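**Student:** Hey, dropping entry_37.cif in here, mmCIF, C-alpha atoms:
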```cif
data_data
loop_
_atom_site.label_atom_id
_atom_site.label_comp_id
_atom_site.auth_asym_id
_atom_site.auth_seq_id
_atom_site.Cartn_x
_atom_site.Cartn_y
_atom_site.Cartn_z
CA MET K 1 174.43 -143.60 58.99
CA SER K 2 170.88 -142.41 59.58
CA PHE K 3 169.95 -139.44 61.76
CA ARG K 4 167.90 -141.06 64.54
CA LEU K 5 165.04 -138.68 65.30
CA GLY K 6 162.88 -139.43 68.33
CA LEU K 7 159.23 -138.39 68.00
CA THR K 8 157.12 -138.08 71.14
CA GLY K 9 154.16 -136.29 72.65
CA GLY K 10 151.44 -136.89 75.22
CA ILE K 11 148.16 -138.63 74.50
CA GLY K 12 145.95 -136.65 72.12
CA MET K 13 148.75 -134.35 70.98
CA GLY K 14 148.68 -135.54 67.35
CA LYS K 15 151.79 -137.73 67.34
CA SER K 16 150.24 -140.39 65.07
CA THR K 17 149.32 -137.71 62.54
CA ALA K 18 152.86 -136.32 62.71
CA SER K 19 154.44 -139.74 62.20
CA GLY K 20 152.21 -140.19 59.14
CA MET K 21 153.55 -136.93 57.73
CA PHE K 22 157.15 -138.14 58.16
CA ARG K 23 156.18 -141.32 56.29
CA GLU K 24 154.64 -139.26 53.48
CA LEU K 25 157.99 -137.51 53.11
CA GLY K 26 159.63 -140.92 52.62
CA HIS K 27 161.27 -141.35 56.04
CA PRO K 28 160.99 -144.80 57.69
CA VAL K 29 159.07 -144.62 60.98
CA TRP K 30 159.37 -147.15 63.80
CA ASP K 31 156.28 -147.19 66.00
CA ALA K 32 156.77 -148.29 69.62
CA ASP K 33 153.05 -149.04 70.08
CA ALA K 34 153.01 -151.22 66.95
CA ALA K 35 156.08 -153.06 68.25
CA VAL K 36 154.27 -153.79 71.53
CA HIS K 37 151.24 -155.04 69.59
CA ARG K 38 153.51 -157.47 67.69
CA LEU K 39 155.10 -158.64 70.94
CA TYR K 40 151.65 -159.25 72.52
CA ALA K 41 150.20 -160.98 69.44
CA PRO K 42 150.10 -164.79 69.18
CA GLY K 43 153.71 -165.99 68.76
CA GLY K 44 155.09 -162.68 70.10
CA ALA K 45 158.11 -162.76 72.39
CA ALA K 46 156.26 -161.05 75.27
CA VAL K 47 153.29 -163.45 75.39
CA ALA K 48 154.73 -166.16 77.68
CA PRO K 49 156.49 -163.91 80.22
CA VAL K 50 153.56 -161.43 80.46
CA ALA K 51 151.00 -164.24 80.78
CA ALA K 52 153.08 -165.77 83.58
CA ALA K 53 153.45 -162.43 85.42
CA PHE K 54 149.78 -161.42 84.96
CA PRO K 55 147.54 -164.51 85.15
CA GLY K 56 144.28 -164.22 83.21
CA THR K 57 145.64 -161.97 80.46
CA LEU K 58 146.23 -164.72 77.88
CA THR K 59 143.45 -165.03 75.26
CA ASP K 60 143.62 -166.97 71.99
CA GLY K 61 147.39 -167.31 72.20
CA GLY K 62 148.04 -163.59 72.72
CA ILE K 63 147.91 -160.99 75.49
CA ASP K 64 144.51 -159.35 75.92
CA ARG K 65 145.46 -155.69 76.38
CA ALA K 66 142.10 -154.80 77.96
CA ARG K 67 142.59 -157.48 80.62
CA LEU K 68 146.17 -156.35 81.15
CA ARG K 69 144.97 -152.74 81.64
CA GLN K 70 142.39 -153.99 84.18
CA ALA K 71 145.08 -155.92 86.08
CA LEU K 72 147.31 -152.83 86.19
CA ALA K 73 144.43 -150.55 87.23
CA ALA K 74 143.68 -152.96 90.10
CA ASP K 75 147.35 -153.16 91.10
CA PRO K 76 149.54 -150.32 89.74
CA SER K 77 152.60 -151.90 91.40
CA GLY K 78 152.60 -154.26 88.39
CA PHE K 79 153.83 -151.52 86.03
CA PRO K 80 157.57 -151.94 86.85
CA ARG K 81 157.24 -155.72 86.44
CA LEU K 82 155.59 -155.30 83.04
CA GLU K 83 158.15 -152.71 81.94
CA GLY K 84 160.98 -155.04 82.97
CA ILE K 85 159.60 -157.66 80.59
CA VAL K 86 158.54 -155.50 77.66
CA HIS K 87 161.13 -152.69 77.47
CA PRO K 88 164.13 -154.90 76.58
CA LEU K 89 162.08 -156.64 73.86
CA VAL K 90 160.94 -153.29 72.45
CA ALA K 91 164.54 -151.98 72.50
CA ALA K 92 165.70 -155.02 70.50
CA ASP K 93 162.91 -154.48 67.96
CA ARG K 94 163.94 -150.81 67.61
CA ALA K 95 167.63 -151.67 67.14
CA ASP K 96 166.70 -154.16 64.42
CA PHE K 97 164.61 -151.50 62.61
CA ILE K 98 167.45 -148.95 62.74
CA ALA K 99 169.89 -151.54 61.37
CA ARG K 100 167.52 -152.45 58.50
CA HIS K 101 167.16 -148.78 57.51
CA ALA K 102 170.80 -147.75 57.92
CA ALA K 103 170.86 -146.26 54.40
CA ALA K 104 167.96 -143.86 55.09
CA PRO K 105 169.04 -140.25 55.78
CA ILE K 106 166.51 -139.93 58.65
CA VAL K 107 164.92 -142.71 60.71
CA VAL K 108 162.00 -141.57 62.88
CA LEU K 109 161.39 -143.40 66.15
CA ASP K 110 157.82 -142.83 67.37
CA ILE K 111 158.02 -143.41 71.14
CA PRO K 112 155.12 -142.19 73.33
CA LEU K 113 157.03 -142.53 76.64
CA LEU K 114 160.39 -141.47 75.20
CA TYR K 115 161.64 -139.37 78.11
CA GLU K 116 159.84 -141.46 80.73
CA THR K 117 161.78 -144.59 79.64
CA GLY K 118 165.11 -142.86 78.96
CA ALA K 119 164.86 -143.71 75.24
CA GLN K 120 166.41 -140.36 74.22
CA THR K 121 169.81 -141.92 74.98
CA GLY K 122 171.36 -142.89 71.67
CA LEU K 123 169.14 -140.63 69.56
CA ASP K 124 170.49 -137.71 67.53
CA GLY K 125 167.56 -135.41 68.26
CA VAL K 126 164.01 -135.32 69.61
CA ALA K 127 160.86 -133.63 68.29
CA VAL K 128 157.82 -133.28 70.54
CA VAL K 129 154.29 -132.91 69.17
CA SER K 130 152.31 -130.45 71.27
CA ALA K 131 148.92 -128.77 71.44
CA PRO K 132 147.19 -126.62 74.08
CA ALA K 133 145.82 -128.57 77.08
CA ASP K 134 142.18 -127.86 76.19
CA VAL K 135 142.71 -129.18 72.64
CA GLN K 136 144.46 -132.27 74.01
CA ARG K 137 141.63 -132.99 76.47
CA ALA K 138 138.90 -132.53 73.86
CA ARG K 139 140.66 -134.92 71.45
CA VAL K 140 141.14 -137.63 74.08
CA ILE K 141 137.70 -137.42 75.73
CA SER K 142 136.07 -137.78 72.28
CA ARG K 143 137.66 -141.23 71.83
CA PRO K 144 135.33 -144.24 72.17
CA GLY K 145 135.34 -145.67 75.69
CA MET K 146 137.54 -142.90 77.13
CA THR K 147 136.57 -141.50 80.51
CA GLU K 148 137.84 -138.53 82.50
CA GLU K 149 139.28 -140.99 85.03
CA ASN K 150 141.19 -142.94 82.35
CA PHE K 151 142.47 -139.69 80.86
CA ARG K 152 143.79 -138.56 84.26
CA LEU K 153 145.43 -141.96 84.85
CA ILE K 154 147.20 -141.80 81.47
CA LEU K 155 148.35 -138.23 82.09
CA SER K 156 149.71 -139.22 85.52
CA ARG K 157 152.09 -141.68 83.82
CA GLN K 158 153.32 -139.15 81.25
CA MET K 159 155.83 -136.37 81.69
CA PRO K 160 154.10 -132.95 81.60
CA ASP K 161 153.98 -131.37 78.15
CA ALA K 162 155.89 -128.28 79.33
CA GLU K 163 158.81 -130.46 80.46
CA LYS K 164 158.86 -132.38 77.16
CA ARG K 165 158.89 -129.09 75.26
CA ARG K 166 161.77 -127.84 77.41
CA ARG K 167 163.88 -130.95 76.71
CA ALA K 168 163.11 -131.37 73.00
CA ASP K 169 165.27 -130.15 70.14
CA TRP K 170 162.18 -129.29 68.08
CA ILE K 171 158.51 -128.64 68.81
CA ILE K 172 155.80 -129.62 66.30
CA PRO K 173 152.64 -127.60 67.01
CA SER K 174 149.59 -129.71 66.13
CA ASP K 175 146.88 -127.07 66.52
CA THR K 176 146.36 -127.41 62.75
CA MET K 177 147.57 -129.89 60.13
CA ALA K 178 149.22 -127.04 58.23
CA ASP K 179 151.24 -125.98 61.30
CA ALA K 180 152.38 -129.55 61.93
CA ARG K 181 153.32 -130.17 58.29
CA ALA K 182 155.32 -126.92 58.06
CA ALA K 183 157.24 -127.72 61.26
CA ILE K 184 158.01 -131.28 60.08
CA MET K 185 159.27 -130.11 56.70
CA ASP K 186 161.47 -127.54 58.44
CA ILE K 187 162.92 -130.20 60.79
CA CYS K 188 163.72 -132.53 57.88
CA ASP K 189 165.29 -129.68 55.87
CA ARG K 190 167.49 -128.70 58.82
CA ILE K 191 168.64 -132.28 59.45
CA MET K 192 169.41 -132.87 55.76
CA ALA K 193 171.28 -129.58 55.51
CA GLU K 194 173.53 -130.53 58.45
CA LYS K 195 174.15 -134.17 57.45
CA PRO K 196 177.56 -134.84 55.88
CA HIS K 197 177.14 -136.26 52.40
CA ALA K 198 178.60 -139.71 51.90
#
```
Take the structure I supplied and represent it as structure tokens, if you would.
**Tutor:**
Amino acid sequence: MSFRLGLTGGIGMGKSTASGMFRELGHPVWDADAAVHRLYAPGGAAVAPVAAAFPGTLTDGGIDRARLRQALAADPSGFPRLEGIVHPLVAADRADFIARHAAAPIVVLDIPLLYETGAQTGLDGVAVVSAPADVQRARVISRPGMTEENFRLILSRQMPDAEKRRRADWIIPSDTMADARAAIMDICDRIMAEKPHA
């Protein structure tokens, strides 16, 4: 059975880069954001219920994420309704991925809101990707279309970095690529060393 490693970190912390490094080492990575994209795409399981709950978000047979963001910004009380639709579908997608990669020694589950959604339940360990607050802010503000207001809104929906670091089993510092790669290799080595051999 695979070691189920949760990977998380706030916006701009370098989580996508870290998940790429796990992939380079040959470990299958499930990406929660990619799963949501599939669910919102034409034919996706979330399209009909989300379109019904948030009128005006359906475009070309799929959910228009920009329109959905606008609807939620106008009425933040919609977040629990959306989560009630999407979270069970995402959980089913994740369970299917784990089952398909049962032979892999380590399966990495890239979940941005891991602690916020209680997804750590059922995982064997959690690694958090972290960088200093000024580095995080600079990375995020440099993204196309990102504003200070949007950044603050996103941060308000995420658990503070210090709390994630306190809860995690491992911390991956992303100040530099070399630091992140060294931490990831160390995590994988430790997990492999502790796994009973079949």
**Student:** Check what the PyMOL selection byres ((chain K and resi 131) around 7) selects in the file above and give those residues as a PyMOL selection string.
**Tutor:** chain K and resi 13+130+132-133+135-136+173-175
**Student:** At most 10 Å is the cut-off: for each residue in region 58-135 of chain K with any atom that close to an atom of region 182-196 of chain K, write down the nearest atom pair and the distance in Å rounded to one decimal, counting only C-alpha atoms, chain first then increasing number, as a tab-separated table.
**Tutor:**
```
residue	atom	partner	partner_atom	distance
K:Pro105	CA	K:Met192	CA	7.4
K:Ile106	CA	K:Cys188	CA	7.9
K:Asp124	CA	K:Ile191	CA	9.9
K:Gly125	CA	K:Ile191	CA	9.4
K:Ala127	CA	K:Ile187	CA	8.5
K:Val129	CA	K:Ala183	CA	9.9
```
**Student:** Do you have, as a tab-separated table, the list of residues of region 34-118 of chain K lying at most 9 Å from region 157-167 of chain K, each with its nearest atom pair and that distance in Å to one decimal, counting only C-alpha atoms and ordered by chain then number?
**Tutor:**
```
residue	atom	partner	partner_atom	distance
K:Pro112	CA	K:Gln158	CA	8.7
K:Leu113	CA	K:Gln158	CA	6.8
K:Tyr115	CA	K:Met159	CA	7.5
K:Glu116	CA	K:Met159	CA	6.6
```
**Student:** May I have the residues from that selection written out with C-alpha atoms, as a short mmCIF file (atom, residue, chain, number, x, y, z; two decimals), keeping the file's coordinate frame?
**Tutor:**
```
data_model
loop_
_atom_site.label_atom_id
_atom_site.label_comp_id
_atom_site.auth_asym_id
_atom_site.auth_seq_id
_atom_site.Cartn_x
_atom_site.Cartn_y
_atom_site.Cartn_z
CA PRO K 112 155.12 -142.19 73.33
CA LEU K 113 157.03 -142.53 76.64
CA TYR K 115 161.64 -139.37 78.11
CA GLU K 116 159.84 -141.46 80.73
#
```
**Student:** Between K:Ala168, K:Gly145, K:Ala48, K:Gly26, which one has atoms that come closest to Ala66 (chain K), using all atoms listed in the file?
**Tutor:** K:Gly145
**Student:** So, with all atoms listed in the file as the atoms that count, which of K:Arg94, K:Asp64, K:Val140, K:Gly44 lies closest to Gly122 (chain K)?
**Tutor:** K:Arg94
**Student:** Which is closest to Pro80 (chain K) among K:Asn150, K:Ser156, K:Thr117, K:Thr176, if we use all atoms listed in the file?
**Tutor:**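 Among the listed residues, the smallest separation from Pro80 (chain K) belongs to K:Thr117.
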**Student:** Pick out the closest residue to Val86 (chain K) from this set: K:Ala102, K:Met1, K:Pro49, K:Gly56. Count all atoms listed in the file.
**Tutor:**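 Of all the options, K:Pro49 lies closest to Val86 (chain K).
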**Student:** Ranking K:Asp110, K:Asp60, K:Asp75, K:Glu149 by minimum distance to Tyr40 (chain K) and counting only C-alpha atoms, which one comes first?
**Tutor:**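 The answer is K:Asp60, which sits nearest to Tyr40 (chain K).
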**Student:** Point out the residue among K:Ile98, K:Val50, K:Ala41, K:Leu123 with the least atom-to-atom distance to Gly78 (chain K), counting all atoms listed in the file.
**Tutor:**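 Ranked by minimum distance to Gly78 (chain K), first place goes to K:Val50.
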**Student:** For CA of Leu155 (chain K) and CA of Leu89 (chain K), determine how far apart the two atoms are, in Å to one decimal place.
**Tutor:**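 Between CA of Leu155 (chain K) and CA of Leu89 (chain K) the gap is 24.4 Å.
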**Student:** Work out how far CA of Gly14 (chain K) is from CA of Ala180 (chain K), in Å to one decimal.
**Tutor:**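 CA of Gly14 (chain K) lies 8.9 Å from CA of Ala180 (chain K).
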**Student:** Kindly assemble as a tab-separated table a list of the region 73-122 of chain K residues that lie within 7 Å of region 4-7 of chain K, each paired with its nearest atom pair and their distance in Å to one decimal, using all atoms listed in the file, sorted first by chain and then by ascending residue number.
**Tutor:**
```
residue	atom	partner	partner_atom	distance
K:Ile106	CA	K:Arg4	CA	6.2
K:Val107	CA	K:Arg4	CA	5.1
K:Val108	CA	K:Leu5	CA	4.8
K:Leu109	CA	K:Gly6	CA	4.8
K:Asp110	CA	K:Leu7	CA	4.7
K:Ile111	CA	K:Leu7	CA	6.0
K:Gln120	CA	K:Gly6	CA	6.9
```
**Student:** Which value, in Å to one decimal, gives the distance between CA of Val90 (chain K) and CA of Leu39 (chain K)?
**Tutor:**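 So the answer is 8.1 Å.
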**Student:** Can you pull out the residues contacting Pro88 (chain K)? Cut-off 12 Å, using all atoms listed in the file, and skip same-chain residues under 3 positions away; I want them as a ChimeraX atom specification.
**Tutor:** /K:35-36,39,45-46,82-85,91-95,117,119
**Student:** Keeping only C-alpha atoms, write the selected residues as a CSV table (one decimal), in the frame of the given file.
**Tutor:**
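Written out: part.csv:
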```csv
chain,number,residue,atom,x,y,z
K,35,ALA,CA,156.1,-153.1,68.2
K,36,VAL,CA,154.3,-153.8,71.5
K,39,LEU,CA,155.1,-158.6,70.9
K,45,ALA,CA,158.1,-162.8,72.4
K,46,ALA,CA,156.3,-161.0,75.3
K,82,LEU,CA,155.6,-155.3,83.0
K,83,GLU,CA,158.2,-152.7,81.9
K,84,GLY,CA,161.0,-155.0,83.0
K,85,ILE,CA,159.6,-157.7,80.6
K,91,ALA,CA,164.5,-152.0,72.5
K,92,ALA,CA,165.7,-155.0,70.5
K,93,ASP,CA,162.9,-154.5,68.0
K,94,ARG,CA,163.9,-150.8,67.6
K,95,ALA,CA,167.6,-151.7,67.1
K,117,THR,CA,161.8,-144.6,79.6
K,119,ALA,CA,164.9,-143.7,75.2
```
